[in-house]
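Structure file coords_33.pdb with PDB, C-alpha atoms, pLDDT in the B column:
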ATOM      1  CA  MET A   1       4.424  14.677  31.074  1.00 84.00           C
ATOM      2  CA  GLU A   2       5.440  11.522  29.239  1.00 88.00           C
ATOM      3  CA  ASP A   3       2.719   9.693  31.177  1.00 94.00           C
ATOM      4  CA  ILE A   4       0.121  12.006  29.635  1.00 96.00           C
ATOM      5  CA  PHE A   5       1.363  11.323  26.115  1.00 96.00           C
ATOM      6  CA  LEU A   6       1.393   7.563  26.706  1.00 97.00           C
ATOM      7  CA  ALA A   7      -2.078   7.624  28.299  1.00 98.00           C
ATOM      8  CA  ILE A   8      -3.495   9.481  25.286  1.00 98.00           C
ATOM      9  CA  GLN A   9      -1.791   7.061  22.898  1.00 98.00           C
ATOM     10  CA  GLU A  10      -3.141   4.059  24.806  1.00 98.00           C
ATOM     11  CA  ARG A  11      -6.666   5.508  25.024  1.00 99.00           C
ATOM     12  CA  ILE A  12      -6.806   6.044  21.261  1.00 99.00           C
ATOM     13  CA  ALA A  13      -5.320   2.623  20.446  1.00 98.00           C
ATOM     14  CA  LEU A  14      -7.721   0.759  22.752  1.00 99.00           C
ATOM     15  CA  LYS A  15     -10.894   2.688  21.878  1.00 98.00           C
ATOM     16  CA  MET A  16     -10.353   2.938  18.111  1.00 99.00           C
ATOM     17  CA  PRO A  17      -9.348  -0.549  16.934  1.00 98.00           C
ATOM     18  CA  GLU A  18     -10.057   0.427  13.316  1.00 97.00           C
ATOM     19  CA  LEU A  19      -6.776   2.379  13.312  1.00 98.00           C
ATOM     20  CA  SER A  20      -3.762   0.551  11.924  1.00 98.00           C
ATOM     21  CA  LEU A  21      -1.272   2.733  13.826  1.00 98.00           C
ATOM     22  CA  VAL A  22      -1.179   5.166  16.767  1.00 98.00           C
ATOM     23  CA  ASP A  23       2.249   6.775  17.113  1.00 98.00           C
ATOM     24  CA  GLU A  24       4.224   9.879  17.989  1.00 98.00           C
ATOM     25  CA  ASP A  25       4.281  12.393  15.140  1.00 98.00           C
ATOM     26  CA  TYR A  26       7.890  12.744  14.047  1.00 96.00           C
ATOM     27  CA  GLY A  27       7.234  13.837  10.476  1.00 95.00           C
ATOM     28  CA  GLN A  28       5.970  10.613   8.929  1.00 96.00           C
ATOM     29  CA  LEU A  29       3.528  12.509   6.676  1.00 95.00           C
ATOM     30  CA  VAL A  30       6.236  14.846   5.353  1.00 92.00           C
ATOM     31  CA  THR A  31       8.119  12.853   2.741  1.00 86.00           C
ATOM     32  CA  GLU A  32       9.590  13.202  -0.722  1.00 80.00           C
ATOM     33  CA  GLU A  33       8.907   9.519  -1.409  1.00 80.00           C
ATOM     34  CA  ASP A  34       5.916   8.050  -3.265  1.00 75.00           C
ATOM     35  CA  THR A  35       4.879   6.164  -0.151  1.00 82.00           C
ATOM     36  CA  TYR A  36       4.528   6.995   3.530  1.00 89.00           C
ATOM     37  CA  PRO A  37       6.244   5.111   6.378  1.00 92.00           C
ATOM     38  CA  VAL A  38       2.850   4.543   8.044  1.00 94.00           C
ATOM     39  CA  THR A  39      -0.275   2.540   7.287  1.00 94.00           C
ATOM     40  CA  PHE A  40      -3.716   4.117   7.094  1.00 96.00           C
ATOM     41  CA  PRO A  41      -5.893   5.023   8.855  1.00 97.00           C
ATOM     42  CA  CYS A  42      -3.547   6.211  11.572  1.00 98.00           C
ATOM     43  CA  VAL A  43      -3.295   8.765  14.346  1.00 99.00           C
ATOM     44  CA  LEU A  44      -0.072  10.673  14.930  1.00 99.00           C
ATOM     45  CA  ILE A  45       0.304  12.560  18.208  1.00 99.00           C
ATOM     46  CA  SER A  46       2.560  15.586  18.685  1.00 98.00           C
ATOM     47  CA  THR A  47       4.752  15.942  21.714  1.00 95.00           C
ATOM     48  CA  ILE A  48       3.301  18.302  24.302  1.00 96.00           C
ATOM     49  CA  ASP A  49       3.996  22.012  23.813  1.00 97.00           C
ATOM     50  CA  ALA A  50       3.933  23.979  27.097  1.00 98.00           C
ATOM     51  CA  ASP A  51       4.294  27.566  28.300  1.00 98.00           C
ATOM     52  CA  TRP A  52       5.433  27.538  31.932  1.00 98.00           C
ATOM     53  CA  THR A  53       4.783  29.987  34.774  1.00 98.00           C
ATOM     54  CA  ASP A  54       6.454  29.827  38.193  1.00 97.00           C
ATOM     55  CA  ILE A  55       3.937  29.559  41.022  1.00 95.00           C
ATOM     56  CA  GLY A  56       6.308  28.607  43.838  1.00 92.00           C
ATOM     57  CA  ILE A  57       9.809  27.350  44.546  1.00 92.00           C
ATOM     58  CA  GLY A  58      10.257  24.467  42.125  1.00 93.00           C
ATOM     59  CA  VAL A  59       6.557  24.514  41.224  1.00 96.00           C
ATOM     60  CA  GLN A  60       5.213  25.560  37.827  1.00 97.00           C
ATOM     61  CA  LYS A  61       1.911  25.752  36.017  1.00 98.00           C
ATOM     62  CA  GLY A  62       1.936  24.757  32.370  1.00 98.00           C
ATOM     63  CA  ASP A  63      -0.497  25.863  29.688  1.00 99.00           C
ATOM     64  CA  CYS A  64      -0.122  22.911  27.353  1.00 98.00           C
ATOM     65  CA  ASN A  65      -1.182  21.952  23.834  1.00 99.00           C
ATOM     66  CA  ILE A  66      -1.179  18.571  22.167  1.00 98.00           C
ATOM     67  CA  THR A  67      -2.157  17.956  18.539  1.00 99.00           C
ATOM     68  CA  VAL A  68      -3.522  14.751  17.068  1.00 99.00           C
ATOM     69  CA  LYS A  69      -3.591  14.022  13.344  1.00 99.00           C
ATOM     70  CA  LEU A  70      -5.977  11.449  11.928  1.00 99.00           C
ATOM     71  CA  ALA A  71      -4.663  10.466   8.481  1.00 98.00           C
ATOM     72  CA  ILE A  72      -6.886   8.470   6.130  1.00 96.00           C
ATOM     73  CA  ASP A  73      -6.299   7.002   2.674  1.00 92.00           C
ATOM     74  CA  CYS A  74      -9.085   8.349   0.433  1.00 86.00           C
ATOM     75  CA  TYR A  75      -8.962   5.747  -2.319  1.00 74.00           C
ATOM     76  CA  ASP A  76     -12.739   5.795  -2.907  1.00 65.00           C
ATOM     77  CA  ASP A  77     -14.237   7.986  -5.614  1.00 58.00           C
ATOM     78  CA  THR A  78     -16.659  10.131  -3.601  1.00 57.00           C
ATOM     79  CA  HIS A  79     -18.203  12.534  -6.103  1.00 55.00           C
ATOM     80  CA  TYR A  80     -21.964  12.923  -5.716  1.00 58.00           C
ATOM     81  CA  ALA A  81     -23.100  10.356  -8.315  1.00 60.00           C
ATOM     82  CA  SER A  82     -20.394   7.787  -7.508  1.00 57.00           C
ATOM     83  CA  GLY A  83     -22.524   5.743  -5.133  1.00 61.00           C
ATOM     84  CA  THR A  84     -19.735   5.864  -2.552  1.00 64.00           C
ATOM     85  CA  ALA A  85     -20.210   9.419  -1.275  1.00 68.00           C
ATOM     86  CA  ASP A  86     -20.946   7.929   2.170  1.00 82.00           C
ATOM     87  CA  LYS A  87     -17.197   7.318   2.483  1.00 83.00           C
ATOM     88  CA  ILE A  88     -16.951  11.052   3.244  1.00 85.00           C
ATOM     89  CA  ARG A  89     -19.392  10.578   6.112  1.00 88.00           C
ATOM     90  CA  GLU A  90     -17.333   7.636   7.426  1.00 92.00           C
ATOM     91  CA  ARG A  91     -14.164   9.759   7.486  1.00 93.00           C
ATOM     92  CA  LEU A  92     -15.927  12.610   9.262  1.00 95.00           C
ATOM     93  CA  GLN A  93     -17.467  10.207  11.775  1.00 97.00           C
ATOM     94  CA  MET A  94     -14.046   8.702  12.526  1.00 98.00           C
ATOM     95  CA  ASN A  95     -12.664  12.189  13.145  1.00 98.00           C
ATOM     96  CA  ASN A  96     -15.618  13.011  15.406  1.00 98.00           C
ATOM     97  CA  SER A  97     -15.069   9.771  17.332  1.00 98.00           C
ATOM     98  CA  LEU A  98     -11.457  10.773  17.957  1.00 99.00           C
ATOM     99  CA  TYR A  99     -12.570  14.209  19.166  1.00 99.00           C
ATOM    100  CA  LYS A 100     -15.188  12.765  21.539  1.00 99.00           C
ATOM    101  CA  LEU A 101     -12.667  10.259  22.871  1.00 99.00           C
ATOM    102  CA  LEU A 102     -10.224  13.003  23.886  1.00 99.00           C
ATOM    103  CA  GLN A 103     -12.486  15.948  24.770  1.00 99.00           C
ATOM    104  CA  GLY A 104     -12.602  16.154  28.568  1.00 99.00           C
ATOM    105  CA  PHE A 105     -10.004  13.390  29.075  1.00 99.00           C
ATOM    106  CA  ARG A 106      -7.919  13.774  32.224  1.00 98.00           C
ATOM    107  CA  ASN A 107      -5.188  11.322  33.169  1.00 95.00           C
ATOM    108  CA  THR A 108      -3.883  12.561  36.533  1.00 94.00           C
ATOM    109  CA  LYS A 109      -4.834  15.048  39.253  1.00 95.00           C
ATOM    110  CA  GLU A 110      -1.979  17.300  38.063  1.00 96.00           C
ATOM    111  CA  MET A 111      -3.551  17.512  34.608  1.00 97.00           C
ATOM    112  CA  GLY A 112      -6.578  19.570  33.626  1.00 98.00           C
ATOM    113  CA  SER A 113      -9.032  18.043  31.176  1.00 99.00           C
ATOM    114  CA  LEU A 114      -8.378  18.247  27.432  1.00 99.00           C
ATOM    115  CA  LYS A 115     -10.352  20.950  25.625  1.00 99.00           C
ATOM    116  CA  ARG A 116     -10.379  21.289  21.842  1.00 99.00           C
ATOM    117  CA  VAL A 117      -9.092  24.700  20.752  1.00 99.00           C
ATOM    118  CA  LYS A 118      -8.463  24.232  17.026  1.00 99.00           C
ATOM    119  CA  SER A 119      -9.346  21.860  14.228  1.00 98.00           C
ATOM    120  CA  THR A 120      -8.601  21.798  10.529  1.00 98.00           C
ATOM    121  CA  ASP A 121      -8.194  19.345   7.694  1.00 97.00           C
ATOM    122  CA  TYR A 122      -6.034  19.202   4.606  1.00 97.00           C
ATOM    123  CA  SER A 123      -4.983  16.855   1.838  1.00 93.00           C
ATOM    124  CA  ILE A 124      -1.507  15.459   1.283  1.00 93.00           C
ATOM    125  CA  PRO A 125      -0.140  13.789  -1.863  1.00 91.00           C
ATOM    126  CA  GLY A 126      -1.292  10.298  -2.713  1.00 88.00           C
ATOM    127  CA  GLY A 127      -4.988  10.800  -1.987  1.00 89.00           C
ATOM    128  CA  LYS A 128      -4.597  11.149   1.771  1.00 92.00           C
ATOM    129  CA  LYS A 129      -6.669  13.356   4.067  1.00 94.00           C
ATOM    130  CA  VAL A 130      -5.450  14.640   7.438  1.00 98.00           C
ATOM    131  CA  TYR A 131      -7.804  15.813  10.179  1.00 98.00           C
ATOM    132  CA  GLU A 132      -5.798  17.807  12.715  1.00 99.00           C
ATOM    133  CA  THR A 133      -7.146  18.717  16.166  1.00 99.00           C
ATOM    134  CA  THR A 134      -5.362  20.633  18.921  1.00 99.00           C
ATOM    135  CA  PHE A 135      -6.338  20.272  22.565  1.00 99.00           C
ATOM    136  CA  ARG A 136      -5.318  22.528  25.462  1.00 99.00           C
ATOM    137  CA  PHE A 137      -4.918  21.573  29.105  1.00 99.00           C
ATOM    138  CA  ALA A 138      -3.323  22.901  32.279  1.00 98.00           C
ATOM    139  CA  TYR A 139      -0.624  20.988  34.122  1.00 98.00           C
ATOM    140  CA  HIS A 140       0.662  21.472  37.677  1.00 97.00           C
ATOM    141  CA  ASP A 141       4.305  20.380  37.943  1.00 96.00           C
ATOM    142  CA  ASN A 142       5.886  20.175  41.377  1.00 94.00           C
ATOM    143  CA  SER A 143       8.570  17.659  40.386  1.00 91.00           C
ATOM    144  CA  ALA A 144      11.363  20.156  41.151  1.00 92.00           C
ATOM    145  CA  ALA A 145       9.897  21.306  44.478  1.00 89.00           C
ATOM    146  CA  ILE A 146      12.187  21.156  47.472  1.00 81.00           C
ATOM    147  CA  HIS A 147      10.863  18.647  49.986  1.00 71.00           C
ATOM    148  CA  ARG A 148      12.163  18.779  53.543  1.00 63.00           C
TER     149      ARG A 148
END
Representation of the structure as structure tokens:
Amino acid sequence: MEDIFLAIQERIALKMPELSLVDEDYGQLVTEEDTYPVTFPCVLISTIDADWTDIGIGVQKGDCNITVKLAIDCYDDTHYASGTADKIRERLQMNNSLYKLLQGFRNTKEMGSLKRVKSTDYSIPGGKKVYETTFRFAYHDNSAAIHR
């Protein structure tokens, strides 16, 4: 499963050079400090969450979720008459680019393709916006199968 995480991280980093950071999400956006330990824009990727079902001796099928967070510093004044309202469009386009990059992605034959199942956005202190998207995929794991 770690190969899937690393393949997703690499795909994002290579295809979205405008990002300053692509990393595992280990709580970098949850802080009591005035600053964040990341640079923006960045993508933080959750570890894979899986529900497993036995389908044979040492063989399991996983219904897996992975969440990506695109965090952007919204330092531009974007009210209607500001003249910089297009910055909203740029943020939304970046989020859509991330979605299109991952939707349907499949790294190995054991992995089903990524399918978006949830998306939301929210603000965090310091004028930051987070676009969060969850993808679901199936995974066939026979790593514990008994081979004769």
Among listed residues A:Arg136, A:Lys109, A:Lys129, A:Lys87, nearest Asp73 (chain A) (using only C-alpha atoms): A:Lys129
Residues matched by the PyMOL selection byres ((chain A and resi 5) around 12) as a PyMOL selection string: chain A and resi 1-4+6-12+22-25+44-49+64-68+102+105-108+111
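Nearest-residue note for Lys128 (chain A): choosing from A:Gly56, A:Asn142, A:Ser113, A:Tyr36, the minimum distance belongs to A:Tyr36, counting all atoms listed in the file.
When all atoms listed in the file are used to measure the gap to Ala138 (chain A), the shortest distance among A:Lys61, A:Lys118, A:Lys69, A:Lys15 belongs to A:Lys61.
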Exercise: Thr35 (chain A) partners within 10 Å, all atoms listed in the file, chain neighbours under 6 positions left out, as a PyMOL selection string: chain A and resi 29+125-126
Long-range neighbours of region 16-19 of chain A as JSON, numbers by chain, 10 Å cut-off, all atoms listed in the file, 5 positions minimum in chain: {"A": [10, 11, 39, 40, 41, 42, 43, 70, 71, 72, 94, 97, 98, 101]}
Exercise: Trp52 (chain A) partners within 7 Å, all atoms listed in the file, chain neighbours under 6 positions left out, as a list in words: Gln60, Lys61, Gly62 and Asp63 of chain A
Distance of CA of Thr134 (chain A) from CA of Gly104 (chain A), expressed in Å to one decimal place: 12.9 Å
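The space separating CA of Ser20 (chain A) from CA of Val117 (chain A) comes to 26.3 Å.
Considering the residues A:Asp141, A:Glu132, A:Ile124, A:Ser119 and counting only C-alpha atoms, Glu32 (chain A) has its shortest atom-to-atom contact with A:Ile124.
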Taking every listed atom of region 134-139 of chain A and adding 5 Å to each side, what centre and edge lengths in Å (one decimal) does the axis-aligned box have, as JSON?
{"center_x": -3.5, "center_y": 21.6, "center_z": 26.5, "size_x": 15.7, "size_y": 12.6, "size_z": 25.2}
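Checking A:Val30, A:Ala50, A:Ala144, A:Val130 one by one against Asn95 (chain A), counting all atoms listed in the file, you find the shortest gap at A:Val130.
Considering the residues A:Val59, A:Leu21, A:Ala13, A:Leu114 and counting all atoms listed in the file, Pro37 (chain A) has its shortest atom-to-atom contact with A:Leu21.
Put simply, CA of Leu92 (chain A) is 20.5 Å away from CA of Val38 (chain A).
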